[in-house]
Each structure stands twice: as C-alpha cells, then as structure tokens.
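Structure data follow from input-v9.csv (CSV, C-alpha atoms):
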```
chain,number,residue,atom,x,y,z
A,1417,MET,CA,88.3,85.4,96.7
A,1418,VAL,CA,85.8,88.0,97.4
A,1419,SER,CA,86.1,91.8,97.7
A,1420,ASN,CA,84.1,92.1,100.9
A,1421,GLY,CA,81.8,94.7,99.4
A,1422,SER,CA,84.5,96.8,97.9
A,1423,ALA,CA,83.4,100.2,96.6
A,1424,PRO,CA,83.2,100.7,92.8
A,1425,HIS,CA,86.1,102.3,91.0
A,1426,THR,CA,86.0,106.1,90.9
A,1427,ALA,CA,87.7,109.0,89.2
A,1428,VAL,CA,91.2,109.7,90.5
A,1429,ARG,CA,91.8,113.2,91.6
A,1430,GLU,CA,94.4,112.7,94.3
A,1431,PRO,CA,96.4,109.7,93.1
A,1432,ILE,CA,98.8,109.5,96.0
A,1433,GLU,CA,96.6,109.9,99.1
A,1434,GLY,CA,93.3,108.5,97.9
A,1435,ILE,CA,90.4,108.6,95.6
A,1436,ASP,CA,87.7,111.3,95.3
A,1437,VAL,CA,84.4,109.5,95.3
A,1438,SER,CA,82.3,112.6,95.3
A,1439,SER,CA,81.0,112.4,91.8
A,1440,SER,CA,79.5,109.2,90.6
A,1441,ALA,CA,79.0,110.7,87.2
A,1442,ASN,CA,82.7,110.7,86.6
A,1443,GLN,CA,83.1,107.0,87.4
A,1444,PRO,CA,84.8,105.3,84.4
A,1445,VAL,CA,83.2,102.2,83.0
A,1446,PRO,CA,85.6,99.3,83.7
A,1447,SER,CA,87.5,98.3,80.6
A,1448,ARG,CA,87.0,94.9,79.2
A,1449,ALA,CA,90.0,92.9,78.0
A,1450,PRO,CA,90.1,91.5,74.5
A,1451,TRP,CA,88.4,88.1,74.2
A,1452,HIS,CA,91.7,86.3,73.4
A,1453,LEU,CA,93.3,87.6,76.6
A,1454,ARG,CA,90.2,86.6,78.6
A,1455,VAL,CA,90.6,83.1,77.3
A,1456,LEU,CA,94.4,82.9,77.3
A,1457,TRP,CA,94.9,84.3,80.8
A,1458,PRO,CA,93.0,81.7,82.8
A,1459,ILE,CA,94.4,78.8,80.7
A,1460,LEU,CA,98.0,80.0,81.1
A,1461,ALA,CA,97.5,80.6,84.9
A,1462,ALA,CA,96.0,77.2,85.4
A,1463,ALA,CA,98.7,75.5,83.4
A,1464,THR,CA,101.6,77.2,85.2
A,1465,TRP,CA,100.0,76.6,88.6
A,1466,LEU,CA,99.5,72.9,87.8
A,1467,ALA,CA,103.0,72.6,86.6
A,1468,SER,CA,104.3,74.0,89.9
A,1469,MET,CA,102.1,71.5,91.8
A,1470,VAL,CA,103.5,68.6,89.7
A,1471,TYR,CA,107.0,69.7,90.4
A,1472,ILE,CA,106.3,69.8,94.1
A,1473,ALA,CA,104.7,66.4,93.9
A,1474,THR,CA,107.9,65.0,92.3
A,1475,GLN,CA,109.9,66.4,95.2
A,1476,LEU,CA,107.7,65.4,98.1
A,1477,GLY,CA,105.2,62.9,96.8
A,1478,VAL,CA,101.5,63.3,96.6
A,1479,SER,CA,101.0,63.2,100.3
A,1480,GLY,CA,103.7,65.8,100.9
A,1481,LEU,CA,102.1,68.0,98.3
A,1482,LEU,CA,98.7,67.7,100.0
A,1483,ILE,CA,100.0,68.4,103.4
A,1484,GLY,CA,102.0,71.5,102.2
A,1485,ALA,CA,99.1,72.8,100.1
A,1486,VAL,CA,96.6,72.6,102.9
A,1487,LEU,CA,98.8,74.3,105.4
A,1488,SER,CA,99.9,76.9,102.9
A,1489,ALA,CA,96.3,77.6,101.9
A,1490,ILE,CA,95.3,78.3,105.5
A,1491,LEU,CA,98.1,80.8,105.8
A,1492,ALA,CA,97.3,82.4,102.5
A,1493,ALA,CA,93.6,82.8,103.4
A,1494,LEU,CA,94.5,84.6,106.6
A,1495,ILE,CA,97.0,86.9,104.8
A,1496,VAL,CA,94.5,87.7,102.0
A,1497,GLY,CA,91.8,88.5,104.5
A,1498,VAL,CA,94.1,91.1,106.2
A,1499,ILE,CA,95.1,92.6,102.9
A,1500,LEU,CA,91.5,93.0,101.7
A,1501,TRP,CA,90.6,94.5,105.0
A,1502,LEU,CA,93.4,97.0,104.6
A,1503,GLY,CA,92.1,98.0,101.2
A,1504,ARG,CA,88.4,98.0,102.2
A,1505,TRP,CA,87.9,101.7,101.6
A,1506,THR,CA,90.0,102.0,98.5
A,1507,PRO,CA,88.1,101.8,95.2
A,1508,ARG,CA,89.3,98.7,93.3
A,1509,GLU,CA,88.0,96.1,90.9
A,1510,PRO,CA,87.5,92.5,92.1
A,1511,ARG,CA,88.8,91.1,88.9
A,1512,LEU,CA,92.1,92.9,89.3
A,1513,LEU,CA,92.4,91.8,92.9
A,1514,VAL,CA,91.9,88.2,91.9
A,1515,SER,CA,94.3,88.5,89.0
A,1516,ALA,CA,97.0,89.9,91.4
A,1517,PHE,CA,96.7,86.8,93.6
A,1518,VAL,CA,96.5,84.4,90.7
A,1519,TRP,CA,99.5,85.9,89.0
A,1520,GLY,CA,101.6,85.4,92.1
A,1521,ALA,CA,100.4,81.8,92.5
A,1522,SER,CA,100.8,80.8,88.9
A,1523,ILE,CA,103.0,82.6,86.3
A,1524,ALA,CA,105.2,84.4,88.8
A,1525,ALA,CA,105.9,81.2,90.9
A,1526,PHE,CA,106.4,79.0,87.8
A,1527,CYS,CA,108.7,81.4,86.0
A,1528,ALA,CA,110.7,82.1,89.1
A,1529,LEU,CA,111.1,78.4,89.9
A,1530,TRP,CA,112.3,77.3,86.5
A,1531,SER,CA,114.5,80.4,85.8
A,1532,GLN,CA,116.2,79.9,89.1
A,1533,ASN,CA,117.0,76.3,88.3
A,1534,GLY,CA,118.3,77.2,84.9
A,1535,LEU,CA,120.4,80.1,86.0
A,1536,GLN,CA,121.8,78.0,88.9
A,1537,ALA,CA,122.9,75.3,86.5
A,1538,LEU,CA,124.5,77.9,84.3
A,1539,VAL,CA,126.4,79.5,87.2
A,1540,ASP,CA,127.5,76.2,88.6
A,1541,GLY,CA,128.7,75.1,85.2
A,1542,THR,CA,130.6,78.3,84.4
A,1543,LEU,CA,131.8,79.6,87.8
A,1544,GLY,CA,131.6,76.6,89.9
A,1545,VAL,CA,129.4,75.3,92.7
A,1546,ASP,CA,131.1,77.4,95.4
A,1547,ALA,CA,130.4,80.6,93.5
A,1548,GLY,CA,126.8,79.4,92.8
A,1549,ARG,CA,126.3,78.9,96.5
A,1550,TRP,CA,126.6,82.7,97.0
A,1551,ILE,CA,125.2,83.9,93.7
A,1552,ARG,CA,121.9,82.2,94.0
A,1553,PRO,CA,120.7,83.8,97.3
A,1554,LEU,CA,122.3,87.2,96.6
A,1555,ILE,CA,121.4,87.6,92.9
A,1556,ILE,CA,119.4,84.9,91.2
A,1557,THR,CA,116.6,84.3,93.7
A,1558,PRO,CA,115.8,88.0,94.5
A,1559,VAL,CA,116.1,89.2,90.9
A,1560,THR,CA,113.9,86.4,89.5
A,1561,GLU,CA,111.3,86.3,92.2
A,1562,GLU,CA,110.8,90.1,92.7
A,1563,GLY,CA,111.1,90.6,89.0
A,1564,PHE,CA,108.4,88.2,88.0
A,1565,LYS,CA,106.1,89.2,90.9
A,1566,GLY,CA,106.6,92.9,90.0
A,1567,LEU,CA,105.6,92.4,86.4
A,1568,PHE,CA,102.0,92.3,87.3
A,1569,LEU,CA,102.3,95.7,89.0
A,1570,VAL,CA,104.1,97.1,85.9
A,1571,TRP,CA,101.3,95.8,83.8
A,1572,LEU,CA,98.8,97.5,86.1
A,1573,LEU,CA,100.7,100.8,85.8
A,1574,VAL,CA,100.8,100.6,82.0
A,1575,PHE,CA,97.2,99.4,81.3
A,1576,HIS,CA,95.2,100.3,84.4
A,1577,ARG,CA,97.1,103.2,85.9
A,1578,ARG,CA,93.9,105.0,87.2
A,1579,ARG,CA,92.8,101.9,88.9
A,1580,ILE,CA,95.8,101.5,91.2
A,1581,GLY,CA,94.2,103.8,93.8
A,1582,GLY,CA,97.1,105.6,95.3
A,1583,LEU,CA,99.8,104.3,97.7
A,1584,LEU,CA,97.3,102.1,99.6
A,1585,GLY,CA,96.3,100.5,96.3
A,1586,GLY,CA,99.9,99.7,95.6
A,1587,ILE,CA,100.3,98.0,98.9
A,1588,VAL,CA,97.1,96.0,98.4
A,1589,TYR,CA,97.8,94.8,94.9
A,1590,GLY,CA,101.5,94.1,95.8
A,1591,GLY,CA,100.5,92.2,98.9
A,1592,LEU,CA,98.1,90.0,97.0
A,1593,VAL,CA,100.7,89.1,94.4
A,1594,GLY,CA,103.1,88.2,97.3
A,1595,ALA,CA,100.4,86.2,99.0
A,1596,GLY,CA,99.7,84.1,95.9
A,1597,PHE,CA,103.5,83.5,95.5
A,1598,SER,CA,103.9,82.4,99.1
A,1599,LEU,CA,100.9,80.0,98.6
A,1600,VAL,CA,103.0,77.9,96.1
A,1601,GLU,CA,106.4,78.4,97.8
A,1602,ASN,CA,105.1,77.4,101.3
A,1603,SER,CA,103.4,74.3,99.8
A,1604,LEU,CA,106.9,73.1,99.0
A,1605,TYR,CA,108.7,74.1,102.2
A,1606,LEU,CA,105.9,73.2,104.7
A,1607,GLY,CA,105.2,69.9,102.9
A,1608,GLY,CA,108.9,69.1,102.9
A,1609,ALA,CA,109.3,69.9,106.6
A,1610,VAL,CA,106.4,67.8,107.7
A,1611,THR,CA,107.2,64.9,105.4
A,1612,THR,CA,110.8,64.8,106.5
A,1613,PHE,CA,109.7,64.8,110.1
A,1614,LEU,CA,107.2,62.0,109.6
A,1615,HIS,CA,109.9,59.9,107.9
A,1616,SER,CA,112.3,60.4,110.7
A,1617,ASP,CA,112.4,59.3,114.3
A,1618,THR,CA,109.6,61.5,115.6
A,1619,SER,CA,110.8,61.1,119.2
A,1620,ASP,CA,114.2,62.5,118.3
A,1621,PRO,CA,114.6,66.0,119.9
A,1622,ARG,CA,116.7,67.2,116.9
A,1623,ALA,CA,113.9,66.2,114.5
A,1624,ILE,CA,111.4,68.0,116.6
A,1625,ALA,CA,113.6,71.1,116.9
A,1626,THR,CA,114.1,71.1,113.2
A,1627,LEU,CA,110.4,70.9,112.5
A,1628,ALA,CA,109.7,73.6,115.1
A,1629,ALA,CA,112.3,76.0,113.6
A,1630,THR,CA,110.9,75.4,110.1
A,1631,LEU,CA,107.4,76.1,111.2
A,1632,VAL,CA,108.4,79.3,113.0
A,1633,LEU,CA,110.2,80.4,109.9
A,1634,ARG,CA,107.6,79.4,107.4
A,1635,VAL,CA,104.4,80.0,109.4
A,1636,VAL,CA,105.3,83.2,111.3
A,1637,LEU,CA,108.0,85.0,109.4
A,1638,VAL,CA,108.1,84.0,105.7
A,1639,PRO,CA,104.4,84.2,104.8
A,1640,LEU,CA,104.6,88.0,105.5
A,1641,MET,CA,107.8,88.4,103.6
A,1642,HIS,CA,106.5,88.0,100.1
A,1643,PRO,CA,103.5,90.3,100.5
A,1644,PHE,CA,105.8,92.9,102.3
A,1645,LEU,CA,108.5,92.8,99.6
A,1646,VAL,CA,106.0,93.1,96.7
A,1647,ALA,CA,104.2,95.9,98.6
A,1648,ILE,CA,107.4,97.9,98.5
A,1649,THR,CA,107.5,97.5,94.7
A,1650,GLY,CA,103.8,98.4,94.8
A,1651,LEU,CA,104.6,101.6,96.6
A,1652,GLY,CA,107.0,102.5,93.8
A,1653,VAL,CA,104.5,101.7,91.1
A,1654,ALA,CA,101.8,103.7,92.9
A,1655,ALA,CA,104.0,106.7,93.2
A,1656,ALA,CA,104.9,106.3,89.5
A,1657,ALA,CA,101.2,106.3,88.7
A,1658,ALA,CA,101.0,109.9,90.1
A,1659,ALA,CA,104.2,111.1,88.3
A,1660,ARG,CA,103.7,113.1,85.1
A,1661,ARG,CA,107.1,112.5,83.6
A,1662,ARG,CA,108.0,109.2,82.1
A,1663,GLY,CA,111.6,109.3,83.5
A,1664,ALA,CA,110.2,109.8,87.0
A,1665,ARG,CA,107.9,106.9,86.6
A,1666,VAL,CA,110.7,104.6,85.5
A,1667,ALA,CA,112.9,105.8,88.4
A,1668,LEU,CA,110.2,105.2,91.0
A,1669,VAL,CA,109.3,101.7,89.7
A,1670,LEU,CA,113.0,100.8,89.6
A,1671,ALA,CA,113.5,102.2,93.1
A,1672,GLY,CA,110.7,100.1,94.6
A,1673,LEU,CA,111.9,97.0,92.8
A,1674,LEU,CA,115.6,97.4,93.7
A,1675,ILE,CA,114.8,97.9,97.4
A,1676,ALA,CA,112.6,94.8,97.3
A,1677,MET,CA,115.4,92.8,95.6
A,1678,ALA,CA,118.1,94.1,98.0
A,1679,LEU,CA,116.0,93.1,101.1
A,1680,HIS,CA,115.2,89.7,99.6
A,1681,GLY,CA,118.9,89.1,98.8
A,1682,ALA,CA,119.9,90.0,102.3
A,1683,TRP,CA,117.2,87.7,103.7
A,1684,ASP,CA,118.1,84.7,101.5
A,1685,TRP,CA,121.9,85.2,102.0
A,1686,ALA,CA,121.4,85.1,105.8
A,1687,GLY,CA,119.3,82.0,105.6
A,1688,LEU,CA,121.3,80.0,103.0
A,1689,ALA,CA,124.8,81.1,102.7
A,1690,ALA,CA,125.9,82.9,106.0
A,1691,SER,CA,127.9,81.0,108.5
A,1692,ASP,CA,125.9,82.3,111.5
A,1693,PRO,CA,122.7,80.1,111.7
A,1694,TYR,CA,121.0,82.9,113.7
A,1695,LEU,CA,121.8,85.7,111.3
A,1696,ILE,CA,118.5,85.4,109.5
A,1697,TYR,CA,116.6,86.1,112.7
A,1698,LYS,CA,118.9,89.0,113.5
A,1699,ILE,CA,118.3,90.6,110.1
A,1700,TYR,CA,114.6,90.0,110.5
A,1701,ALA,CA,114.6,91.8,113.8
A,1702,ALA,CA,116.9,94.6,112.8
A,1703,VAL,CA,115.9,95.3,109.2
A,1704,MET,CA,112.8,93.4,108.1
A,1705,LEU,CA,110.6,93.9,111.1
A,1706,PRO,CA,111.0,97.7,111.4
A,1707,MET,CA,110.4,98.2,107.6
A,1708,PHE,CA,107.4,95.8,107.7
A,1709,LEU,CA,105.9,97.8,110.7
A,1710,ALA,CA,106.5,101.0,108.8
A,1711,VAL,CA,104.5,99.7,105.8
A,1712,VAL,CA,101.8,98.5,108.1
A,1713,ILE,CA,101.6,101.9,109.8
A,1714,LEU,CA,101.5,103.6,106.5
A,1715,GLY,CA,98.8,101.3,105.2
A,1716,THR,CA,96.5,101.6,108.2
A,1717,SER,CA,97.0,105.4,108.3
A,1718,LEU,CA,96.0,105.6,104.6
A,1719,ARG,CA,93.0,103.3,105.3
A,1720,ARG,CA,91.7,105.5,108.1
A,1721,ARG,CA,92.1,108.6,105.9
A,1722,GLN,CA,90.3,107.0,103.0
A,1723,ARG,CA,87.5,105.8,105.3
A,1724,ARG,CA,87.0,109.3,106.7
A,1725,ARG,CA,86.9,110.7,103.2
A,1726,THR,CA,84.3,108.1,102.1
A,1727,ALA,CA,82.2,108.8,105.2
A,1728,THR,CA,82.3,112.5,104.6
A,1729,THR,CA,81.4,112.2,100.9
A,1730,LEU,CA,78.5,109.9,101.6
A,1731,ALA,CA,77.2,112.3,104.3
A,1732,VAL,CA,77.1,115.2,101.9
```
Just give me the structure as structure tokens.
Amino acid sequence: MVSNGSAPHTAVREPIEGIDVSSSANQPVPSRAPWHLRVLWPILAAATWLASMVYIATQLGVSGLLIGAVLSAILAALIVGVILWLGRWTPREPRLLVSAFVWGASIAAFCALWSQNGLQALVDGTLGVDAGRWIRPLIITPVTEEGFKGLFLVWLLVFHRRRIGGLLGGIVYGGLVGAGFSLVENSLYLGGAVTTFLHSDTSDPRAIATLAATLVLRVVLVPLMHPFLVAITGLGVAAAAAARRRGARVALVLAGLLIAMALHGAWDWAGLAASDPYLIYKIYAAVMLPMFLAVVILGTSLRRRQRRRTATTLAV
C-alpha cells in the first residue's frame, strides 16, 4: 500500500476539524517504536494472517482459498484506494496506515474467528443450540469483531493521539482496519460461494440465483460494511482525541464502539437468524445505507475543508 503522496505529519491545533500545517517548525519527529515491537509486530501479523488462510483452506480447499483470496483482494484494493483518496489532504504517517490495514487482516480477523468459535461452542454447550443460534449474531459476532477491530484505534488514541488527524483521520484509519478485515472474511465467503456453485449443477437456476445473491451481498454490500462500522468507532476515537477529560474520552470511545456493535448485531441477526429472508436488505436500505451516506458526506466535506486549508497555507 502506498500513501499517494500524503503530506507529512504536522502539529495539531484544531483536532476535530483538521490540522494546521502553517508551521513546519512545529512538526514533530515521528516516533520510532522499540526494536522488539518492530520485530514482533510483523511476525505476529504474518503468523495470524497465515493461520486464517490455513483455516479457510481447510474449509474450502486450496482452489477455493485462491479463488476467494483473488476476488477479495480486488475488492479490498478498490476500497483502500477510495479511503486513501478520502484522506489525501489529512496529514498521516504511511506506516500507521499500513498497520491499520494489516491489523484488520491479521490479528483482528484471527482473534475474531477463533474467539467466535470458542464462545459459540461454550454457548451451545451451556444454553443449547437454539439459544446459540440467536446469541451468535446478536452478541458474539458484533462484540468480538468490532472489539478486536477497534483495539487498533484505541492503541492509536493512547500512543499516537496527535497523529489521528481529527474526525477525517478517524474515518480513514477505521476504514482501513475494516478493509483489512473484509479482505480475510470475503476470502472465505466468496471462495465458498464460487466453490459451491462449481461443484453443483451450474445450469440449475437455483444454484445460479444463490451465487448471484451471494455476490450481490458480498461484492456490493458487505465490503463496505466493515470499513463503515469501524469508521464509526474511529469517529468516537477521533472525538476522544480532542477531549481533555479522561472520562469524556472513555465515553466517546465506548459510544462509537457500541453504535458499531449495535449496527453489526442488527445486520447479522437479519441475515442469519431472522425468519424474513429479505429483512437484511430492508435493514440495509432503511438503516445502514442512510448512515453510510452520512459518513461519506461527512468525510468528503472534511476532505474539501482540509484541502482548502492546505491550499491557503501553501499560498501564503
């Protein structure tokens, strides 16, 4: 991933609406992580990503994994390009942008996958399979996925607070985490859909309809869901970065995270547990799409404002 010529990090004077780039003398020198973290982080990321790929291969076979990975990578590249374009005029560090995407595709995806399987087995064994059918989409999946994805943003808030870059920065970093996560998840679902279709009667209208419905869901709707949901958490984290009181910071982070979890739970419940097969599309149209458009409008508005500020500063 590249930063498309991103501007260097600058001093934060207006943490919510943008960054003041008027004084290069005040630009902080990017901090360098301790050597053991620089060594451990890529090893841990590679190991967890590889473990997720091995798990997908056990479910779909090597050919299914390759099909899903290629399709998912194409989608992820498009989404990442849009996110980087959105944050073009927001000062940021390329290494943090890369780390956000890698976190979503490695540790967050791995931890969410295995914690879900473990918690599902625990719920099924204690409360029964019928209860587990409802608890997984409503509680287990949204809490684990949004929680592990959001951990990167919390880390960013604690250790790189001044590098978040306002609300737009929260959207960009959150979107990249979600794009990385969807890269792994869609490898499983897209690979599974295509493999199932190829192993069925490809002339059967029902098989064709199932594949088409899955592709619409996974190619058009879902790839935007993870970046959108983590962007909501990112907005809470970005607002927390501007807050002076610790209690306000905690409340803002929790607010963003809980909203993301609630939306995720409604989405998964509609797709996995509801009796109405079309409810997921209804919720998407009535709830998800308006909120997604609101985040897009906010992001593009902040981008235009930051671009004007940068142009004005450079003209002085």
Worksheet entry | Which of A:Met1469, A:Leu1569, A:Ile1713, A:Ile1551 sits closest to Leu1651 (chain A) [using only C-alpha atoms] | A:Leu1569
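The shortest atom-to-atom distance to Leu1500 (chain A), with all atoms listed in the file taken into account, belongs to A:Thr1716 out of A:Thr1560, A:Thr1626, A:Thr1716, A:Asn1602.
Residues with any atom within 12 Å of Ala1467 (chain A), counting all atoms listed in the file and excluding same-chain neighbours fewer than 3 positions away, are Leu1460, Ala1461, Ala1462, Ala1463, Thr1464, Val1470, Tyr1471, Ile1472, Ala1473, Thr1474, Ala1521, Ser1522, Ile1523, Ala1525, Phe1526, Cys1527, Leu1529, Trp1530 and Val1600 of chain A.
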Worksheet item: Near Ala1537 (chain A), within 12 Å and counting only C-alpha atoms, which residues show up once chain neighbours fewer than 5 positions away are dropped, as a count of residues only?
Response: 13
Discussion item. List as number ranges by chain the protein and nucleic acid residues near region 1634-1641 of chain A, meaning an atom at most 12 Å away when only C-alpha atoms are counted, but skip any in the same chain fewer than 5 places from it.
Written reply: A: 1484, 1487-1496, 1498-1499, 1562, 1590-1610, 1627-1629, 1646-1648, 1676-1677, 1679-1680, 1683-1684, 1687, 1696-1697, 1699-1701, 1704-1705, 1707-1709, 1711-1712
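In terms of minimum interatomic distance to Leu1513 (chain A), A:Ile1580 ranks closest within A:Trp1457, A:Phe1575, A:Pro1621, A:Ile1580, counting all atoms listed in the file.
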